[in-house]
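Structure below is start.cif: mmCIF, C-alpha atoms.
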```
data_final
#
loop_
_atom_site.group_PDB
_atom_site.id
_atom_site.type_symbol
_atom_site.label_atom_id
_atom_site.label_comp_id
_atom_site.auth_asym_id
_atom_site.auth_seq_id
_atom_site.Cartn_x
_atom_site.Cartn_y
_atom_site.Cartn_z
ATOM 1 C CA MET A 1 71.696 134.542 111.842
ATOM 2 C CA ALA A 2 69.625 133.012 114.647
ATOM 3 C CA VAL A 3 71.382 131.018 117.357
ATOM 4 C CA LEU A 4 69.990 127.667 116.185
ATOM 5 C CA GLU A 5 70.868 128.430 112.565
ATOM 6 C CA LYS A 6 74.379 129.422 113.588
ATOM 7 C CA GLU A 7 74.856 126.180 115.537
ATOM 8 C CA ALA A 8 73.549 124.140 112.598
ATOM 9 C CA PHE A 9 75.876 126.050 110.263
ATOM 10 C CA LYS A 10 78.857 125.363 112.530
ATOM 11 C CA LYS A 11 77.993 121.668 112.768
ATOM 12 C CA ASP A 12 77.683 121.432 108.984
ATOM 13 C CA LEU A 13 80.935 123.321 108.539
ATOM 14 C CA LEU A 14 82.723 121.004 110.986
ATOM 15 C CA GLN A 15 81.619 118.049 108.868
ATOM 16 C CA LYS A 16 82.919 119.759 105.713
ATOM 17 C CA VAL A 17 86.261 120.721 107.252
ATOM 18 C CA ALA A 18 86.645 117.280 108.814
ATOM 19 C CA GLY A 19 85.915 115.684 105.449
ATOM 20 C CA ILE A 20 88.542 117.781 103.680
ATOM 21 C CA ILE A 21 91.173 117.077 106.335
ATOM 22 C CA ALA A 22 90.296 113.387 106.501
ATOM 23 C CA GLN A 23 90.636 113.054 102.747
ATOM 24 C CA ARG A 24 93.981 114.872 102.669
ATOM 25 C CA LYS A 25 95.452 113.116 105.692
ATOM 26 C CA GLY A 26 93.871 109.668 105.465
ATOM 27 C CA ILE A 27 92.130 109.822 108.823
ATOM 28 C CA ASP A 28 88.541 109.069 109.840
ATOM 29 C CA ALA A 29 86.428 112.237 109.635
ATOM 30 C CA ALA A 30 84.158 110.909 112.388
ATOM 31 C CA THR A 31 87.025 111.160 114.876
ATOM 32 C CA ILE A 32 87.488 114.905 114.292
ATOM 33 C CA THR A 33 85.781 116.994 116.971
ATOM 34 C CA GLY A 34 86.983 120.492 116.097
ATOM 35 C CA ASP A 35 89.261 120.909 119.095
ATOM 36 C CA GLU A 36 92.240 119.335 117.359
ATOM 37 C CA ASN A 37 95.328 121.385 116.684
ATOM 38 C CA LEU A 38 95.998 121.517 112.943
ATOM 39 C CA ALA A 39 99.684 120.759 113.445
ATOM 40 C CA ASP A 40 98.789 117.668 115.478
ATOM 41 C CA LEU A 41 96.765 116.430 112.492
ATOM 42 C CA GLY A 42 99.809 116.843 110.268
ATOM 43 C CA ILE A 43 98.509 119.944 108.484
ATOM 44 C CA ASN A 44 101.502 121.740 106.993
ATOM 45 C CA SER A 45 101.527 125.153 105.287
ATOM 46 C CA ILE A 46 100.702 123.697 101.865
ATOM 47 C CA ASP A 47 97.797 121.688 103.289
ATOM 48 C CA PHE A 48 96.635 124.800 105.105
ATOM 49 C CA VAL A 49 96.472 126.902 101.939
ATOM 50 C CA GLN A 50 94.745 124.125 100.000
ATOM 51 C CA ILE A 51 92.148 123.668 102.747
ATOM 52 C CA VAL A 52 91.445 127.404 102.914
ATOM 53 C CA VAL A 53 91.055 127.644 99.124
ATOM 54 C CA GLU A 54 88.753 124.627 99.050
ATOM 55 C CA LEU A 55 86.594 126.051 101.849
ATOM 56 C CA GLU A 56 86.466 129.494 100.244
ATOM 57 C CA ASP A 57 85.290 127.915 96.978
ATOM 58 C CA MET A 58 82.797 125.661 98.748
ATOM 59 C CA LEU A 59 81.281 128.514 100.767
ATOM 60 C CA ASP A 60 81.680 131.243 98.147
ATOM 61 C CA CYS A 61 83.573 133.583 100.452
ATOM 62 C CA GLU A 62 87.086 134.912 100.852
ATOM 63 C CA PHE A 63 89.352 135.597 103.799
ATOM 64 C CA ASP A 64 91.407 138.762 104.093
ATOM 65 C CA ASP A 65 95.021 138.051 103.203
ATOM 66 C CA ASP A 66 96.199 138.987 106.704
ATOM 67 C CA MET A 67 94.093 136.120 108.085
ATOM 68 C CA LEU A 68 95.744 133.515 105.861
ATOM 69 C CA SER A 69 98.294 132.272 108.311
ATOM 70 C CA PRO A 70 98.559 128.983 110.180
ATOM 71 C CA ALA A 71 99.210 131.134 113.263
ATOM 72 C CA PHE A 72 95.710 132.632 112.908
ATOM 73 C CA PHE A 73 94.080 129.204 112.596
ATOM 74 C CA LYS A 74 95.487 126.839 115.188
ATOM 75 C CA THR A 75 92.497 124.525 115.525
ATOM 76 C CA ILE A 76 89.648 123.338 113.353
ATOM 77 C CA ASN A 77 87.273 125.385 115.491
ATOM 78 C CA ASP A 78 89.281 128.493 114.561
ATOM 79 C CA PHE A 79 88.382 127.769 110.915
ATOM 80 C CA ILE A 80 84.750 127.216 111.791
ATOM 81 C CA ASN A 81 84.458 130.405 113.839
ATOM 82 C CA ALA A 82 86.168 132.509 111.164
ATOM 83 C CA PHE A 83 83.975 131.129 108.383
ATOM 84 C CA GLY A 84 80.921 131.663 110.579
ATOM 85 C CA ASP A 85 81.925 135.304 110.988
ATOM 86 C CA LEU A 86 82.275 135.677 107.209
ATOM 87 C CA GLN A 87 78.773 134.299 106.670
ATOM 88 C CA GLN A 88 77.099 136.888 108.939
#
```

Structure encoded using structure tokens:
Amino acid sequence: MAVLEKEAFKKDLLQKVAGIIAQRKGIDAATITGDENLADLGINSIDFVQIVVELEDMLDCEFDDDMLSPAFFKTINDFINAFGDLQQ
């Protein structure tokens, strides 16, 4: 994936992740930058699993089970980088 395509993909993915989190947590998606800690946004373990499943379905990909831990994904950018790696 070319650098510009990768950046566009990450920007699009940030919007998708922000939209999912905003819907679940009742916050404004436009305020989400990617640097936020998931715990600070009120994402608990159930939210985490639901977000991962929704993103996997949306992007037609699947994480390895050992990656499915809130400890592995601490920020929204962690999600974005991991999904970007899966798409390569």

| request: I would like the residues chosen by the PyMOL selection byres ((chain A and resi 49-62) around 10) on the shown file; could you give them as a ChimeraX atom specification? | output: /A:13,16-17,20-21,24,43-48,63-65,68-70,79,83,86-87

| query | Closest to Ile80 (chain A) among A:Leu14, A:Leu38, A:Ala8, A:Ala29, using all atoms listed in the file? | reply |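 Between A:Leu14, A:Leu38, A:Ala8, A:Ala29, the residue approaching Ile80 (chain A) most closely is A:Leu14.
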
| query | Between CA of Ala18 (chain A) and CA of Phe72 (chain A), what is the distance, to one decimal in Å? | reply | 18.3 Å

| Can you tell me how far CA of Lys11 (chain A) sits from CA of Thr33 (chain A), in Å to one decimal? |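 For CA of Lys11 (chain A) relative to CA of Thr33 (chain A), the distance reads 10.0 Å.
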
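For the atom pair formed by CA of Leu41 (chain A) and CA of Glu7 (chain A), the distance is 24.2 Å, given to one decimal.
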
Edge lengths and centre in Å to one decimal, as lines of an AutoDock Vina configuration file, is what I'm after for the box along x, y and z that holds all listed atoms of region 65-76 of chain A once 6 Å is added on each side.
```
center_x = 94.4
center_y = 131.2
center_z = 109.4
size_x = 21.6
size_y = 27.6
size_z = 24.3
```

| query | Closest to Ala82 (chain A) among A:Gly19, A:Asp40, A:Lys10, A:Ala30, using all atoms listed in the file? | reply |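 That would be A:Lys10, the residue with the smallest distance to Ala82 (chain A).
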
Could region 18-46 of chain A be completed with N, CA and C atoms and written as a PDB file, in the coordinates of the input, please?
```pdb
ATOM      1  N   ALA A  18      86.161 118.606 108.431  1.00  0.00           N
ATOM      2  CA  ALA A  18      86.645 117.280 108.814  1.00  0.00           C
ATOM      3  C   ALA A  18      86.785 116.389 107.587  1.00  0.00           C
ATOM      4  N   GLY A  19      85.839 116.475 106.674  1.00  0.00           N
ATOM      5  CA  GLY A  19      85.915 115.684 105.449  1.00  0.00           C
ATOM      6  C   GLY A  19      87.112 116.040 104.593  1.00  0.00           C
ATOM      7  N   ILE A  20      87.384 117.331 104.467  1.00  0.00           N
ATOM      8  CA  ILE A  20      88.542 117.781 103.680  1.00  0.00           C
ATOM      9  C   ILE A  20      89.836 117.293 104.323  1.00  0.00           C
ATOM     10  N   ILE A  21      89.956 117.488 105.627  1.00  0.00           N
ATOM     11  CA  ILE A  21      91.173 117.077 106.335  1.00  0.00           C
ATOM     12  C   ILE A  21      91.327 115.560 106.288  1.00  0.00           C
ATOM     13  N   ALA A  22      90.246 114.854 106.513  1.00  0.00           N
ATOM     14  CA  ALA A  22      90.296 113.387 106.501  1.00  0.00           C
ATOM     15  C   ALA A  22      90.762 112.877 105.144  1.00  0.00           C
ATOM     16  N   GLN A  23      90.245 113.466 104.090  1.00  0.00           N
ATOM     17  CA  GLN A  23      90.636 113.054 102.747  1.00  0.00           C
ATOM     18  C   GLN A  23      92.115 113.336 102.492  1.00  0.00           C
ATOM     19  N   ARG A  24      92.582 114.492 102.918  1.00  0.00           N
ATOM     20  CA  ARG A  24      93.981 114.872 102.669  1.00  0.00           C
ATOM     21  C   ARG A  24      94.965 114.070 103.527  1.00  0.00           C
ATOM     22  N   LYS A  25      94.531 113.732 104.735  1.00  0.00           N
ATOM     23  CA  LYS A  25      95.452 113.116 105.692  1.00  0.00           C
ATOM     24  C   LYS A  25      95.182 111.645 105.953  1.00  0.00           C
ATOM     25  N   GLY A  26      94.149 111.092 105.317  1.00  0.00           N
ATOM     26  CA  GLY A  26      93.871 109.668 105.465  1.00  0.00           C
ATOM     27  C   GLY A  26      93.430 109.272 106.861  1.00  0.00           C
ATOM     28  N   ILE A  27      92.651 110.138 107.494  1.00  0.00           N
ATOM     29  CA  ILE A  27      92.130 109.822 108.823  1.00  0.00           C
ATOM     30  C   ILE A  27      90.605 109.754 108.759  1.00  0.00           C
ATOM     31  N   ASP A  28      89.992 109.219 109.780  1.00  0.00           N
ATOM     32  CA  ASP A  28      88.541 109.069 109.840  1.00  0.00           C
ATOM     33  C   ASP A  28      87.906 110.399 110.238  1.00  0.00           C
ATOM     34  N   ALA A  29      87.077 110.952 109.362  1.00  0.00           N
ATOM     35  CA  ALA A  29      86.428 112.237 109.635  1.00  0.00           C
ATOM     36  C   ALA A  29      85.577 112.192 110.901  1.00  0.00           C
ATOM     37  N   ALA A  30      85.021 111.042 111.207  1.00  0.00           N
ATOM     38  CA  ALA A  30      84.158 110.909 112.388  1.00  0.00           C
ATOM     39  C   ALA A  30      84.919 111.104 113.696  1.00  0.00           C
ATOM     40  N   THR A  31      86.232 110.986 113.655  1.00  0.00           N
ATOM     41  CA  THR A  31      87.025 111.160 114.876  1.00  0.00           C
ATOM     42  C   THR A  31      87.397 112.619 115.132  1.00  0.00           C
ATOM     43  N   ILE A  32      87.116 113.489 114.169  1.00  0.00           N
ATOM     44  CA  ILE A  32      87.488 114.905 114.292  1.00  0.00           C
ATOM     45  C   ILE A  32      86.382 115.651 115.023  1.00  0.00           C
ATOM     46  N   THR A  33      86.756 116.302 116.126  1.00  0.00           N
ATOM     47  CA  THR A  33      85.781 116.994 116.971  1.00  0.00           C
ATOM     48  C   THR A  33      85.782 118.509 116.784  1.00  0.00           C
ATOM     49  N   GLY A  34      86.857 119.047 116.250  1.00  0.00           N
ATOM     50  CA  GLY A  34      86.983 120.492 116.097  1.00  0.00           C
ATOM     51  C   GLY A  34      88.017 121.086 117.026  1.00  0.00           C
ATOM     52  N   ASP A  35      88.307 120.394 118.117  1.00  0.00           N
ATOM     53  CA  ASP A  35      89.261 120.909 119.095  1.00  0.00           C
ATOM     54  C   ASP A  35      90.711 120.589 118.737  1.00  0.00           C
ATOM     55  N   GLU A  36      90.891 119.763 117.715  1.00  0.00           N
ATOM     56  CA  GLU A  36      92.240 119.335 117.359  1.00  0.00           C
ATOM     57  C   GLU A  36      93.085 120.500 116.842  1.00  0.00           C
ATOM     58  N   ASN A  37      94.351 120.445 117.211  1.00  0.00           N
ATOM     59  CA  ASN A  37      95.328 121.385 116.684  1.00  0.00           C
ATOM     60  C   ASN A  37      95.688 120.929 115.276  1.00  0.00           C
ATOM     61  N   LEU A  38      95.708 121.870 114.331  1.00  0.00           N
ATOM     62  CA  LEU A  38      95.998 121.517 112.943  1.00  0.00           C
ATOM     63  C   LEU A  38      97.358 120.857 112.799  1.00  0.00           C
ATOM     64  N   ALA A  39      98.339 121.346 113.523  1.00  0.00           N
ATOM     65  CA  ALA A  39      99.684 120.759 113.445  1.00  0.00           C
ATOM     66  C   ALA A  39      99.673 119.316 113.932  1.00  0.00           C
ATOM     67  N   ASP A  40      98.877 119.037 114.960  1.00  0.00           N
ATOM     68  CA  ASP A  40      98.789 117.668 115.478  1.00  0.00           C
ATOM     69  C   ASP A  40      98.168 116.707 114.465  1.00  0.00           C
ATOM     70  N   LEU A  41      97.371 117.251 113.543  1.00  0.00           N
ATOM     71  CA  LEU A  41      96.765 116.430 112.492  1.00  0.00           C
ATOM     72  C   LEU A  41      97.679 116.307 111.274  1.00  0.00           C
ATOM     73  N   GLY A  42      98.854 116.925 111.374  1.00  0.00           N
ATOM     74  CA  GLY A  42      99.809 116.843 110.268  1.00  0.00           C
ATOM     75  C   GLY A  42      99.566 117.863 109.178  1.00  0.00           C
ATOM     76  N   ILE A  43      98.794 118.902 109.472  1.00  0.00           N
ATOM     77  CA  ILE A  43      98.509 119.944 108.484  1.00  0.00           C
ATOM     78  C   ILE A  43      99.729 120.856 108.385  1.00  0.00           C
ATOM     79  N   ASN A  44     100.359 120.848 107.229  1.00  0.00           N
ATOM     80  CA  ASN A  44     101.502 121.740 106.993  1.00  0.00           C
ATOM     81  C   ASN A  44     101.021 122.987 106.250  1.00  0.00           C
ATOM     82  N   SER A  45     101.928 123.889 105.906  1.00  0.00           N
ATOM     83  CA  SER A  45     101.527 125.153 105.287  1.00  0.00           C
ATOM     84  C   SER A  45     100.868 124.948 103.923  1.00  0.00           C
ATOM     85  N   ILE A  46     101.320 123.966 103.169  1.00  0.00           N
ATOM     86  CA  ILE A  46     100.702 123.697 101.865  1.00  0.00           C
ATOM     87  C   ILE A  46      99.293 123.151 102.059  1.00  0.00           C
TER      88      ILE A  46
END
```
